[in-house]
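Pasted below: query.cif, mmCIF, C-alpha atoms.
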data_query
#
loop_
_atom_site.label_atom_id
_atom_site.label_comp_id
_atom_site.auth_asym_id
_atom_site.auth_seq_id
_atom_site.Cartn_x
_atom_site.Cartn_y
_atom_site.Cartn_z
CA MET A 1 25.24 -11.73 58.34
CA SER A 2 22.74 -13.58 56.17
CA ASP A 3 19.95 -11.72 57.92
CA ASN A 4 21.51 -8.49 56.81
CA ASN A 5 21.83 -9.80 53.29
CA ASP A 6 18.17 -10.75 53.23
CA LYS A 7 17.16 -7.30 54.35
CA ASN A 8 19.27 -5.75 51.65
CA LYS A 9 17.64 -7.96 49.04
CA LYS A 10 14.18 -7.00 50.15
CA LYS A 11 15.13 -3.36 50.08
CA ASN A 12 16.41 -3.75 46.55
CA VAL A 13 13.21 -5.42 45.40
CA ILE A 14 11.07 -2.66 46.80
CA LEU A 15 13.37 -0.01 45.41
CA PHE A 16 13.29 -1.61 41.97
CA ALA A 17 9.51 -1.96 41.99
CA LEU A 18 9.13 1.66 43.02
CA LEU A 19 11.55 2.91 40.42
CA LEU A 20 9.97 0.83 37.69
CA SER A 21 6.45 2.00 38.48
CA VAL A 22 7.55 5.62 38.56
CA ILE A 23 9.39 5.35 35.24
CA CYS A 24 6.55 3.46 33.55
CA SER A 25 3.89 5.85 34.77
CA LEU A 26 6.04 8.82 33.72
CA ILE A 27 6.41 7.41 30.21
CA ILE A 28 2.70 6.70 29.84
CA THR A 29 1.60 10.00 31.37
CA ALA A 30 4.04 11.96 29.27
CA SER A 31 2.96 10.29 26.04
CA ALA A 32 -0.74 10.58 26.88
CA VAL A 33 -0.71 14.17 28.12
CA GLY A 34 1.96 15.53 25.83
CA LEU A 35 0.28 14.25 22.68
CA LYS A 36 -3.27 15.03 23.76
CA GLY A 37 -3.56 18.09 21.51
CA LEU A 38 -2.54 16.27 18.37
CA GLN A 39 -4.72 13.28 19.21
CA ASN A 40 -7.78 15.42 19.82
CA ALA A 41 -7.31 17.21 16.51
CA ASN A 42 -7.09 13.85 14.76
CA MET A 43 -10.18 12.61 16.52
CA ALA A 44 -12.19 15.72 15.71
CA LEU A 45 -11.32 15.34 12.05
CA ASP A 46 -12.21 11.65 12.13
CA LYS A 47 -15.57 12.48 13.70
CA LYS A 48 -16.30 14.82 10.81
CA ILE A 49 -15.33 12.12 8.34
CA LYS A 50 -17.65 9.63 9.99
CA ILE A 51 -20.57 12.09 10.03
CA LEU A 52 -19.99 12.84 6.35
CA MET A 53 -19.76 9.11 5.66
CA ALA A 54 -23.08 8.45 7.36
CA ALA A 55 -24.68 11.24 5.34
CA ASP A 56 -23.21 9.55 2.26
CA LEU A 57 -21.17 12.61 1.30
CA ILE A 58 -17.88 10.73 1.30
CA LYS A 59 -17.52 7.72 -0.93
CA ASP A 60 -14.88 5.06 -0.48
CA LYS A 61 -11.95 7.25 -1.42
CA LYS A 62 -10.80 9.52 1.36
CA PRO A 63 -10.55 13.24 0.53
CA SER A 64 -7.86 15.52 1.88
CA LYS A 65 -8.10 17.26 5.23
CA LYS A 66 -8.99 20.59 3.62
CA ASP A 67 -11.77 19.05 1.54
CA ILE A 68 -13.22 17.35 4.57
CA ASN A 69 -13.41 20.58 6.53
CA ALA A 70 -14.90 22.43 3.56
CA LEU A 71 -17.46 19.68 2.93
CA TYR A 72 -18.38 19.55 6.58
CA ASP A 73 -18.77 23.30 6.94
CA ALA A 74 -20.87 23.49 3.79
CA HIS A 75 -23.28 20.67 4.54
CA ILE A 76 -23.31 19.69 8.18
CA GLN A 77 -24.84 21.72 10.94
CA GLU A 78 -24.81 20.64 14.56
CA VAL A 79 -28.11 21.41 16.24
CA THR A 80 -29.71 20.95 19.62
CA VAL A 81 -33.35 20.04 19.95
CA ASP A 82 -35.65 19.93 22.96
CA SER A 83 -37.69 16.89 23.92
CA LYS A 84 -40.43 17.86 21.46
CA GLY A 85 -38.04 17.96 18.53
CA ASN A 86 -37.87 21.73 18.13
CA VAL A 87 -34.50 23.31 17.37
CA ILE A 88 -33.37 25.45 20.29
CA GLN A 89 -30.49 27.83 20.89
CA THR A 90 -30.26 27.77 24.66
CA TYR A 91 -29.61 24.81 26.86
CA VAL A 92 -32.57 23.07 28.45
CA PRO A 93 -32.57 19.78 30.35
CA ASP A 94 -33.20 16.67 28.21
CA SER A 95 -31.97 18.39 25.09
CA LEU A 96 -30.52 16.22 22.34
CA ASN A 97 -27.68 16.78 19.91
CA LEU A 98 -27.84 15.85 16.25
CA TYR A 99 -26.62 17.00 12.87
CA PHE A 100 -28.54 18.36 9.93
CA TYR A 101 -27.35 17.62 6.45
CA GLN A 102 -28.23 20.55 4.25
CA ASP A 103 -27.64 21.60 0.72
CA ASN A 104 -28.18 25.24 -0.24
CA GLY A 105 -30.44 25.87 2.74
CA VAL A 106 -32.57 22.78 2.20
CA ILE A 107 -32.40 20.13 4.88
CA LYS A 108 -31.78 16.88 3.07
CA GLY A 109 -31.52 14.69 6.11
CA TYR A 110 -30.27 14.31 9.63
CA VAL A 111 -27.57 12.34 11.40
CA LEU A 112 -28.05 10.82 14.83
CA PRO A 113 -25.14 9.90 17.08
CA ILE A 114 -25.29 6.28 18.21
CA ASN A 115 -23.71 5.49 21.53
CA THR A 116 -24.15 1.96 22.75
CA ARG A 117 -22.41 -0.93 24.38
CA GLY A 118 -20.78 -3.59 22.28
CA LEU A 119 -19.45 -6.96 23.27
CA TRP A 120 -16.12 -5.68 24.62
CA GLY A 121 -16.61 -1.97 24.89
CA LYS A 122 -18.52 1.02 23.70
CA ILE A 123 -19.60 1.41 20.11
CA GLN A 124 -19.90 4.98 18.88
CA GLY A 125 -21.23 5.73 15.45
CA TYR A 126 -23.67 7.68 13.34
CA LEU A 127 -26.93 6.79 11.65
CA ALA A 128 -28.21 9.12 8.96
CA PHE A 129 -31.76 9.53 7.70
CA GLU A 130 -33.35 11.14 4.71
CA ASN A 131 -35.65 14.07 5.36
CA ASP A 132 -38.74 11.86 5.16
CA GLY A 133 -37.92 10.85 8.73
CA GLN A 134 -38.01 7.11 8.08
CA THR A 135 -35.48 6.04 5.46
CA VAL A 136 -31.93 5.29 6.58
CA SER A 137 -29.38 6.90 4.30
CA GLY A 138 -26.20 5.65 5.90
CA PHE A 139 -24.31 4.33 8.87
CA SER A 140 -20.77 4.73 10.12
CA VAL A 141 -18.73 3.70 13.13
CA PHE A 142 -16.52 6.20 14.91
CA SER A 143 -15.02 3.98 17.56
CA HIS A 144 -15.42 0.46 18.82
CA SER A 145 -13.41 -2.26 20.51
CA GLU A 146 -14.94 -5.36 18.94
CA THR A 147 -12.78 -8.29 17.83
CA PRO A 148 -11.03 -7.55 14.53
CA GLY A 149 -12.40 -9.74 11.77
CA LEU A 150 -15.57 -10.59 13.72
CA GLY A 151 -17.48 -7.80 15.49
CA GLY A 152 -14.94 -5.36 14.09
CA GLU A 153 -16.59 -5.86 10.71
CA ILE A 154 -19.25 -3.32 11.72
CA GLU A 155 -16.96 -0.61 10.37
CA SER A 156 -16.35 -2.32 7.05
CA ALA A 157 -17.89 -0.95 3.88
CA TRP A 158 -20.07 -3.99 3.07
CA PHE A 159 -21.75 -3.88 6.46
CA ARG A 160 -22.32 -0.13 6.42
CA LYS A 161 -23.73 -0.16 2.90
CA ASN A 162 -26.54 -2.51 3.89
CA PHE A 163 -28.17 0.18 5.98
CA LYS A 164 -28.91 2.41 3.02
CA GLY A 165 -32.60 2.44 2.16
CA LYS A 166 -33.83 0.54 5.22
CA LYS A 167 -37.00 1.86 6.86
CA ILE A 168 -37.70 2.41 10.53
CA LEU A 169 -41.47 2.35 9.96
CA ASN A 170 -43.43 -0.67 8.80
CA SER A 171 -46.11 -0.64 6.13
CA ARG A 172 -48.67 0.49 8.71
CA ASN A 173 -46.42 3.42 9.68
CA LYS A 174 -45.61 1.94 13.04
CA PHE A 175 -42.11 2.32 14.49
CA VAL A 176 -40.07 -0.90 14.25
CA SER A 177 -36.43 0.36 14.17
CA VAL A 178 -33.67 -1.23 12.11
CA GLY A 179 -31.73 -4.18 13.38
CA ILE A 180 -28.95 -6.56 12.53
CA ALA A 181 -30.20 -9.94 11.38
CA LYS A 182 -28.71 -13.30 12.34
CA GLY A 183 -27.22 -14.31 9.03
CA LYS A 184 -28.47 -12.84 5.77
CA ALA A 185 -31.43 -10.47 5.78
CA GLU A 186 -32.82 -12.09 2.64
CA ASN A 187 -33.59 -15.23 4.62
CA LEU A 188 -36.05 -13.34 6.78
CA PRO A 189 -39.79 -13.08 6.03
CA LYS A 190 -40.49 -10.53 3.30
CA ASP A 191 -42.13 -7.95 5.55
CA LEU A 192 -39.08 -7.87 7.83
CA GLN A 193 -36.42 -7.50 5.15
CA ASN A 194 -36.89 -3.76 5.05
CA HIS A 195 -35.91 -3.45 8.68
CA TYR A 196 -32.90 -5.74 8.91
CA VAL A 197 -29.36 -5.64 7.57
CA ASP A 198 -27.14 -8.67 6.97
CA GLY A 199 -25.55 -9.93 10.16
CA ILE A 200 -21.90 -10.79 10.69
CA SER A 201 -21.27 -14.49 11.15
CA GLY A 202 -19.44 -15.16 14.38
CA ALA A 203 -20.48 -11.82 15.85
CA THR A 204 -24.05 -12.39 16.94
CA LEU A 205 -23.65 -10.53 20.22
CA THR A 206 -22.13 -7.43 18.64
CA GLY A 207 -25.12 -7.37 16.29
CA LYS A 208 -27.53 -7.82 19.16
CA TYR A 209 -26.06 -4.95 21.17
CA LEU A 210 -25.87 -2.69 18.16
CA SER A 211 -29.52 -3.42 17.28
CA GLU A 212 -30.52 -2.58 20.84
CA GLY A 213 -28.45 0.60 20.79
CA ILE A 214 -29.96 1.75 17.50
CA LYS A 215 -33.46 1.12 18.76
CA GLU A 216 -32.77 3.01 21.97
CA THR A 217 -31.32 5.96 20.08
CA LEU A 218 -34.23 6.04 17.67
CA MET A 219 -36.72 6.03 20.52
CA LYS A 220 -34.82 8.84 22.20
CA TYR A 221 -34.88 10.88 19.00
CA ASP A 222 -38.40 9.85 18.07
CA SER A 223 -39.72 13.42 18.27
CA VAL A 224 -37.15 14.54 15.70
CA SER A 225 -38.12 11.82 13.25
CA ILE A 226 -41.80 12.56 13.79
CA SER A 227 -41.36 16.24 13.08
CA PHE A 228 -39.43 15.36 9.94
CA ARG A 229 -42.27 13.11 8.86
CA GLN A 230 -44.61 16.05 9.36
CA LYS A 231 -42.18 18.28 7.43
CA ASP A 232 -42.38 21.09 9.92
CA LEU A 233 -38.66 21.48 10.53
CA LYS A 234 -37.48 24.45 8.54
CA PRO A 235 -33.85 25.27 7.94
CA GLN A 236 -32.56 28.14 9.96
CA MET B 1 31.25 -11.65 12.97
CA THR B 2 30.03 -14.35 10.59
CA GLN B 3 29.80 -16.64 13.57
CA GLU B 4 27.49 -14.13 15.24
CA ARG B 5 25.44 -13.64 12.14
CA THR B 6 24.76 -17.32 11.67
CA ASN B 7 23.87 -17.42 15.34
CA TYR B 8 21.19 -14.75 14.83
CA ILE B 9 19.83 -16.49 11.77
CA ASP B 10 19.71 -19.69 13.78
CA ILE B 11 17.73 -18.00 16.54
CA VAL B 12 15.25 -16.58 14.04
CA ILE B 13 14.76 -19.89 12.26
CA LYS B 14 14.30 -21.67 15.55
CA GLY B 15 11.45 -19.29 16.37
CA ILE B 16 9.82 -19.61 12.98
CA TRP B 17 10.00 -23.34 12.61
CA ARG B 18 11.60 -25.66 15.13
CA GLU B 19 10.18 -24.03 18.23
CA ASN B 20 7.26 -22.31 16.59
CA PRO B 21 5.35 -20.48 19.34
CA VAL B 22 1.92 -21.75 18.34
CA ALA B 23 2.69 -25.19 16.97
CA TYR B 24 5.45 -26.21 19.39
CA GLN B 25 5.25 -24.02 22.48
CA VAL B 26 1.44 -23.74 22.25
CA LEU B 27 1.53 -20.05 23.14
CA GLY B 28 -0.73 -17.33 21.79
CA ILE B 29 -3.60 -19.68 21.00
CA CYS B 30 -6.31 -17.30 22.22
CA SER B 31 -5.40 -14.54 19.80
CA SER B 32 -4.92 -17.08 17.01
CA LEU B 33 -8.59 -17.93 17.37
CA ALA B 34 -9.75 -14.34 17.35
CA VAL B 35 -7.92 -12.76 14.45
CA THR B 36 -7.75 -15.56 11.90
CA VAL B 37 -11.17 -15.17 10.33
CA ARG B 38 -9.63 -12.96 7.67
CA MET B 39 -6.12 -12.82 6.22
CA SER B 40 -5.83 -9.04 6.50
CA THR B 41 -6.32 -8.94 10.28
CA ALA B 42 -4.02 -11.93 10.69
CA ILE B 43 -1.21 -10.18 8.84
CA VAL B 44 -1.59 -6.91 10.77
CA MET B 45 -1.67 -8.74 14.09
CA GLY B 46 1.37 -10.82 13.11
CA ILE B 47 3.47 -7.80 12.18
CA ALA B 48 2.42 -5.83 15.27
CA LEU B 49 3.21 -8.73 17.57
CA THR B 50 6.59 -9.33 15.94
CA VAL B 51 7.62 -5.71 16.54
CA VAL B 52 6.39 -5.73 20.13
CA THR B 53 7.99 -9.06 21.04
CA ALA B 54 11.32 -8.05 19.51
CA PHE B 55 11.57 -4.74 21.34
CA SER B 56 10.14 -5.90 24.64
CA SER B 57 12.49 -8.89 24.68
CA MET B 58 15.43 -6.60 23.96
CA LEU B 59 14.41 -4.17 26.69
CA ILE B 60 13.82 -6.86 29.28
CA SER B 61 17.07 -8.57 28.35
CA SER B 62 19.04 -5.37 28.85
CA LEU B 63 17.46 -4.99 32.28
CA ARG B 64 17.81 -8.68 33.16
CA LYS B 65 20.61 -8.18 35.67
CA MET B 66 18.62 -5.55 37.53
CA ILE B 67 15.23 -7.22 37.67
CA PRO B 68 14.85 -9.04 41.03
CA SER B 69 13.77 -12.60 40.33
CA ASN B 70 10.86 -12.66 42.77
CA ILE B 71 8.98 -9.83 41.10
CA ARG B 72 10.16 -10.48 37.56
CA ILE B 73 6.75 -11.34 36.08
CA ILE B 74 5.17 -8.13 37.29
CA ALA B 75 8.20 -6.17 36.14
CA GLU B 76 8.03 -7.75 32.68
CA LEU B 77 4.32 -7.06 32.45
CA ALA B 78 4.80 -3.43 33.44
CA ILE B 79 7.54 -2.94 30.85
CA VAL B 80 5.59 -4.62 28.04
CA ALA B 81 2.35 -2.81 28.82
CA SER B 82 4.03 0.59 29.06
CA LEU B 83 5.85 0.00 25.81
CA VAL B 84 2.69 -0.93 23.94
CA ILE B 85 0.55 1.84 25.39
CA ALA B 86 3.18 4.50 24.74
CA THR B 87 3.54 3.32 21.14
CA ASP B 88 -0.22 3.39 20.74
CA GLN B 89 -0.33 6.97 22.01
CA ILE B 90 2.39 8.07 19.61
CA LEU B 91 0.63 6.38 16.68
CA LYS B 92 -2.63 8.09 17.64
CA ALA B 93 -0.93 11.47 17.50
CA PHE B 94 1.11 11.11 14.32
CA LEU B 95 -0.29 8.22 12.28
CA TYR B 96 -3.96 8.30 13.17
CA ASP B 97 -5.19 6.10 10.34
CA ILE B 98 -2.73 3.35 11.15
CA SER B 99 -3.50 3.63 14.84
CA LYS B 100 -7.20 3.15 14.15
CA GLN B 101 -6.35 -0.10 12.45
CA LEU B 102 -4.02 -1.20 15.23
CA SER B 103 -5.67 0.14 18.38
CA ILE B 104 -8.05 -2.79 18.59
CA PHE B 105 -5.07 -5.13 18.62
CA VAL B 106 -3.36 -3.40 21.56
CA GLY B 107 -5.27 -5.36 24.18
CA LEU B 108 -4.64 -8.60 22.33
CA ILE B 109 -0.90 -7.88 22.17
CA ILE B 110 -0.36 -6.96 25.81
CA THR B 111 -2.13 -10.10 26.97
CA ASN B 112 -0.50 -12.31 24.35
CA CYS B 113 1.39 -15.04 26.11
CA ILE B 114 4.12 -15.08 23.46
CA VAL B 115 5.43 -11.70 24.62
CA MET B 116 5.61 -12.82 28.24
CA GLY B 117 6.63 -16.34 27.35
CA ARG B 118 9.67 -15.23 25.37
CA ALA B 119 10.62 -12.70 28.04
CA GLU B 120 10.55 -15.48 30.63
CA ALA B 121 12.10 -18.24 28.59
CA PHE B 122 14.70 -16.38 26.59
CA ALA B 123 15.24 -12.70 27.34
CA LEU B 124 16.01 -13.20 31.04
CA ALA B 125 18.91 -15.49 30.21
CA ASN B 126 20.33 -14.07 27.01
CA LYS B 127 21.96 -10.97 25.58
CA PRO B 128 19.79 -8.08 24.32
CA LEU B 129 20.57 -8.57 20.63
CA ASP B 130 19.98 -12.32 20.81
CA SER B 131 16.68 -11.60 22.54
CA PHE B 132 15.75 -9.12 19.85
CA PHE B 133 16.21 -11.75 17.16
CA ASP B 134 14.43 -14.31 19.27
CA GLY B 135 11.48 -11.93 19.37
CA ILE B 136 11.63 -11.47 15.60
CA GLY B 137 11.78 -15.22 15.02
CA ASN B 138 8.90 -16.03 17.34
CA GLY B 139 6.84 -13.16 15.96
CA LEU B 140 7.37 -14.42 12.42
CA GLY B 141 6.59 -17.97 13.49
CA TYR B 142 3.35 -16.74 15.01
CA THR B 143 2.59 -14.75 11.86
CA LEU B 144 3.21 -17.81 9.71
CA VAL B 145 0.70 -19.88 11.65
CA LEU B 146 -1.84 -17.04 11.71
CA VAL B 147 -1.61 -16.56 7.97
CA ILE B 148 -1.96 -20.27 7.21
CA VAL B 149 -4.92 -20.63 9.56
CA ALA B 150 -6.53 -17.46 8.22
CA LEU B 151 -5.99 -18.59 4.63
CA ILE B 152 -7.82 -21.84 5.32
CA ARG B 153 -10.57 -20.24 7.38
CA GLU B 154 -11.19 -17.36 5.00
CA PHE B 155 -11.30 -19.70 2.03
CA LEU B 156 -13.57 -22.31 3.58
CA GLY B 157 -15.59 -19.95 5.76
CA SER B 158 -16.31 -17.04 3.42
CA GLY B 159 -14.96 -18.20 0.07
CA LYS B 160 -12.53 -15.32 -0.11
CA PHE B 161 -8.83 -14.68 -0.40
CA LEU B 162 -7.66 -11.39 1.15
CA GLY B 163 -11.20 -10.09 0.85
CA PHE B 164 -11.73 -11.04 -2.80
CA ASN B 165 -14.34 -13.57 -3.76
CA ILE B 166 -12.69 -16.58 -5.33
CA ILE B 167 -15.56 -19.03 -5.46
CA PRO B 168 -16.89 -18.81 -9.04
CA GLN B 169 -20.54 -18.00 -9.53
CA PHE B 170 -21.35 -21.32 -11.22
CA ALA B 171 -20.18 -23.19 -8.14
CA LEU B 172 -22.51 -21.11 -5.98
CA ASP B 173 -25.34 -21.71 -8.43
CA ALA B 174 -24.65 -25.41 -8.30
CA GLY B 175 -25.24 -25.35 -4.56
CA TYR B 176 -21.80 -24.67 -3.10
CA GLN B 177 -22.05 -23.35 0.42
CA ASN B 178 -19.49 -21.75 2.70
CA MET B 179 -18.61 -23.70 5.79
CA GLY B 180 -20.10 -21.68 8.63
CA LEU B 181 -18.10 -23.53 11.26
CA MET B 182 -14.85 -22.07 9.94
CA VAL B 183 -15.94 -18.53 10.80
CA LEU B 184 -16.48 -19.46 14.43
CA ALA B 185 -13.80 -20.12 17.03
CA PRO B 186 -14.13 -23.94 16.94
CA GLY B 187 -13.10 -23.83 13.29
CA ALA B 188 -9.81 -22.29 14.34
CA PHE B 189 -9.32 -25.00 16.96
CA PHE B 190 -9.65 -27.69 14.32
CA VAL B 191 -7.30 -25.98 11.89
CA ILE B 192 -4.67 -25.20 14.53
CA GLY B 193 -4.91 -28.70 15.93
CA LEU B 194 -4.39 -30.22 12.50
CA LEU B 195 -1.45 -27.90 11.87
CA VAL B 196 0.24 -28.83 15.14
CA TRP B 197 -0.22 -32.50 14.33
CA LEU B 198 1.10 -32.00 10.81
CA LYS B 199 4.16 -30.08 11.97
CA ASN B 200 5.06 -32.55 14.69
CA SER B 201 4.66 -35.55 12.44
CA LEU B 202 6.83 -34.24 9.63
CA PRO B 203 9.93 -36.46 9.52
CA GLY B 204 13.27 -35.24 10.80
CA ILE B 205 12.04 -32.07 12.39
CA SER B 206 10.81 -32.81 15.82
CA LYS B 207 12.87 -35.87 16.70
CA GLU B 208 15.40 -33.97 18.78
CA GLU B 209 12.66 -32.37 20.78
CA ARG B 210 10.88 -35.54 21.62
#

Now that the file is in, can you turn its structure into structure tokens?
Amino acid sequence: MSDNNDKNKKKNVILFALLLSVICSLIITASAVGLKGLQNANMALDKKIKILMAADLIKDKKPSKKDINALYDAHIQEVTVDSKGNVIQTYVPDSLNLYFYQDNGVIKGYVLPINTRGLWGKIQGYLAFENDGQTVSGFSVFSHSETPGLGGEIESAWFRKNFKGKKILNSRNKFVSVGIAKGKAENLPKDLQNHYVDGISGATLTGKYLSEGIKETLMKYDSVSISFRQKDLKPQ
Amino acid sequence: MTQERTNYIDIVIKGIWRENPVAYQVLGICSSLAVTVRMSTAIVMGIALTVVTAFSSMLISSLRKMIPSNIRIIAELAIVASLVIATDQILKAFLYDISKQLSIFVGLIITNCIVMGRAEAFALANKPLDSFFDGIGNGLGYTLVLVIVALIREFLGSGKFLGFNIIPQFALDAGYQNMGLMVLAPGAFFVIGLLVWLKNSLPGISKEER
């Protein structure tokens, strides 16, 4: 009798577990798949905002959706370059994607996508340069999973603003990248201040990974920066 | 009716003060360390956790007679996680800006021991509506501690209040320096520890629990 009861209990447990997993997965799948379209549209718009932010075309106040699309279409052009930094139309292996910021047919700068690891997850963002190929004009973060209040500060306005005007070349025109300092950049030796932004206290590792990621990206896109320095990239 | 209402108020107050999740139950310490560097993140996290705890407690309580006791922890976890992820997905689709603010908290909420702790300690033995208010009370209690800790840490650590500088320039010129320790996790340990001690040594409050 009690044996039978035990069996019944076990059956119930398994049945409940099965039912619960099916219901939970249905809810999650339905919400993830069913809302995919809307989410992707939101993300695409946010990407545009972040590219415009890096290029310093959006100030602190957020414009409407229509304005963003208009601004983006007028000024930003997505281009593909080959490993030598030439703009190409067809796909070749080792090609790189970036964005040109143009105004009335003149290329004013370029925006590089940053894709690196952070402390807890991936950091995706954009780093914009002026058309001299060495001066940073802006930085923005598209997505990250750093701790709010600590590493999460990388997307805050004060942190992003520090990038403006930093150089990736030193006084002898050698590549040094830009990095995140430990603490304030003003405490560094004078010749390094141009290449470091203020760090976030309590988020040393996030800064370290982001510095590494920026350097890696810059090295990957070195040919683009070089051709900008030589001024031989003409608008299309 | 009035009897019930005072009962709900009692449950809420118990969560906020007498059995405060951080100061008395010592739950949710890990997230208290992470999000209390600034007031703004502390407030967002507090509100989000209150909503999640309230609804997950209610849901688990309404299923309490069906959940087999030997797999109850996994069942609770599955329900809480699904609830949070589904909400996150809906926010991403309809309120993208808010979701960007909250998405980073999702992981912290699912793994927050307060949600599970209240499901275990209260929701499994009480009615859905009681559990809902228990969730609200504990969420608010958690928020209260977060905000106090964040207030102290933001003031001492960065000299700010809700992001605004409040240390006057002449003090900085005279050599005032922010306390770097407060920005780091150990600073939160000190503040939380002092708060727990303060709360438990206030007269007349914790006698019945001792």

- Item | Distance-based interface of chain B with chain A, 9 Å, counting all atoms listed in the file, as an NGL selection string | :B and (34-42 or 66-71 or 74-75 or 78-79 or 81-83 or 85-87 or 89-90 or 92-94 or 96 or 100 or 103-105 or 180 or 183-185)

- A:Glu78, A:Asp56, A:Asn187, A:Ser227 ranked by distance to Arg160 of chain A, top pick (using all atoms listed in the file): A:Asp56

Non-local contacts of Gly138 of chain A (10 Å; only C-alpha atoms; under 5 positions in same chain excluded) as a short mmCIF file (atom, residue, chain, number, x, y, z; two decimals) with C-alpha atoms, in the coordinates of the input:
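Generated file (out-v4.cif):
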data_model
loop_
_atom_site.label_atom_id
_atom_site.label_comp_id
_atom_site.auth_asym_id
_atom_site.auth_seq_id
_atom_site.Cartn_x
_atom_site.Cartn_y
_atom_site.Cartn_z
CA ILE A 51 -20.57 12.09 10.03
CA LEU A 52 -19.99 12.84 6.35
CA MET A 53 -19.76 9.11 5.66
CA ALA A 54 -23.08 8.45 7.36
CA ALA A 55 -24.68 11.24 5.34
CA ASP A 56 -23.21 9.55 2.26
CA LEU A 57 -21.17 12.61 1.30
CA VAL A 111 -27.57 12.34 11.40
CA TYR A 126 -23.67 7.68 13.34
CA LEU A 127 -26.93 6.79 11.65
CA ALA A 128 -28.21 9.12 8.96
CA PHE A 129 -31.76 9.53 7.70
CA GLU A 130 -33.35 11.14 4.71
CA ARG A 160 -22.32 -0.13 6.42
CA LYS A 161 -23.73 -0.16 2.90
CA ASN A 162 -26.54 -2.51 3.89
CA PHE A 163 -28.17 0.18 5.98
CA LYS A 164 -28.91 2.41 3.02
CA GLY A 165 -32.60 2.44 2.16
CA LYS A 166 -33.83 0.54 5.22
#

- Mind pulling up the distance from atom CA of Val224 of chain A to atom CA of Val81 of chain A?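 Atom CA of Val224 of chain A lies at a distance of 7.9 Å from atom CA of Val81 of chain A.
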
- Message: Since I can't run it myself right now, could you work out what the PyMOL selection byres ((chain A and resi 208) around 9) selects here and report it as a VMD selection string?
- Response: chain A and resid 118 179 to 182 203 to 207 209 to 213

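The residues returned by the PyMOL selection byres ((chain A and resi 185) around 10) for this structure are A:Asn162, A:Gly179, A:Ile180, A:Ala181, A:Lys182, A:Gly183, A:Lys184, A:Glu186, A:Asn187, A:Leu188, A:Pro189, A:Lys190, A:Leu192, A:Gln193, A:Asn194, A:His195, A:Tyr196, A:Val197, A:Asp198, A:Gly199.
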
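With all atoms listed in the file as the atoms that count, the minimum distance from Arg172 of chain A to the choices A:Asp191, A:Thr80, A:Ser156, A:Asn131 is reached by A:Asp191.
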
- Which polymer residues have any atom within 10 Å of an atom of Glu120 of chain B, counting all atoms listed in the file, with same-chain residues fewer than 2 positions away left out, as a PyMOL selection string? chain B and resi 57+60-61+72-73+76+114-118+122-125

- Judged by all atoms listed in the file, the minimum distance to Leu140 of chain B among B:Ala174, B:Asp10, B:Met45, B:Thr50 is found for B:Thr50

- Task: Could you tell me which residues the PyMOL selection byres ((chain B and resi 21) around 12) returns for this structure, as a ChimeraX atom specification?
- Result: /B:12-20,22-29,32,50,53,112-118,121,134-146,196

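Counting from atom CA of Leu169 of chain A, the distance to atom CA of Ser83 of chain A is 20.5 Å.
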
- Item | atom CA of Gly125 of chain A to atom CA of Glu155 of chain A, distance in Å rounded to a single decimal | 9.2 Å

Enclose all atoms of segment 215-228 of chain A listed in the file in an axis-aligned box, grow every side by 4 Å, and hand back centre and edge lengths in Å to one decimal, as JSON.
{"center_x": -36.6, "center_y": 8.7, "center_z": 16.1, "size_x": 18.5, "size_y": 23.1, "size_z": 20.3}

- Item | Close residues, Asp222 of chain A itself excluded, 10 Å, all atoms listed in the file, min 4 positions apart in chain, as a list in words | Ser83, Lys84, Gly85, Gly133, Phe175, Glu216, Thr217, Leu218, Ile226, Ser227 and Phe228 of chain A

- Query: Which is closer to Leu98 of chain A than all the others in A:Lys11, A:Lys59, A:Lys174, A:Lys220, using all atoms listed in the file?
  - Reply: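 Using all atoms listed in the file, the shortest distance to Leu98 of chain A belongs to A:Lys220.
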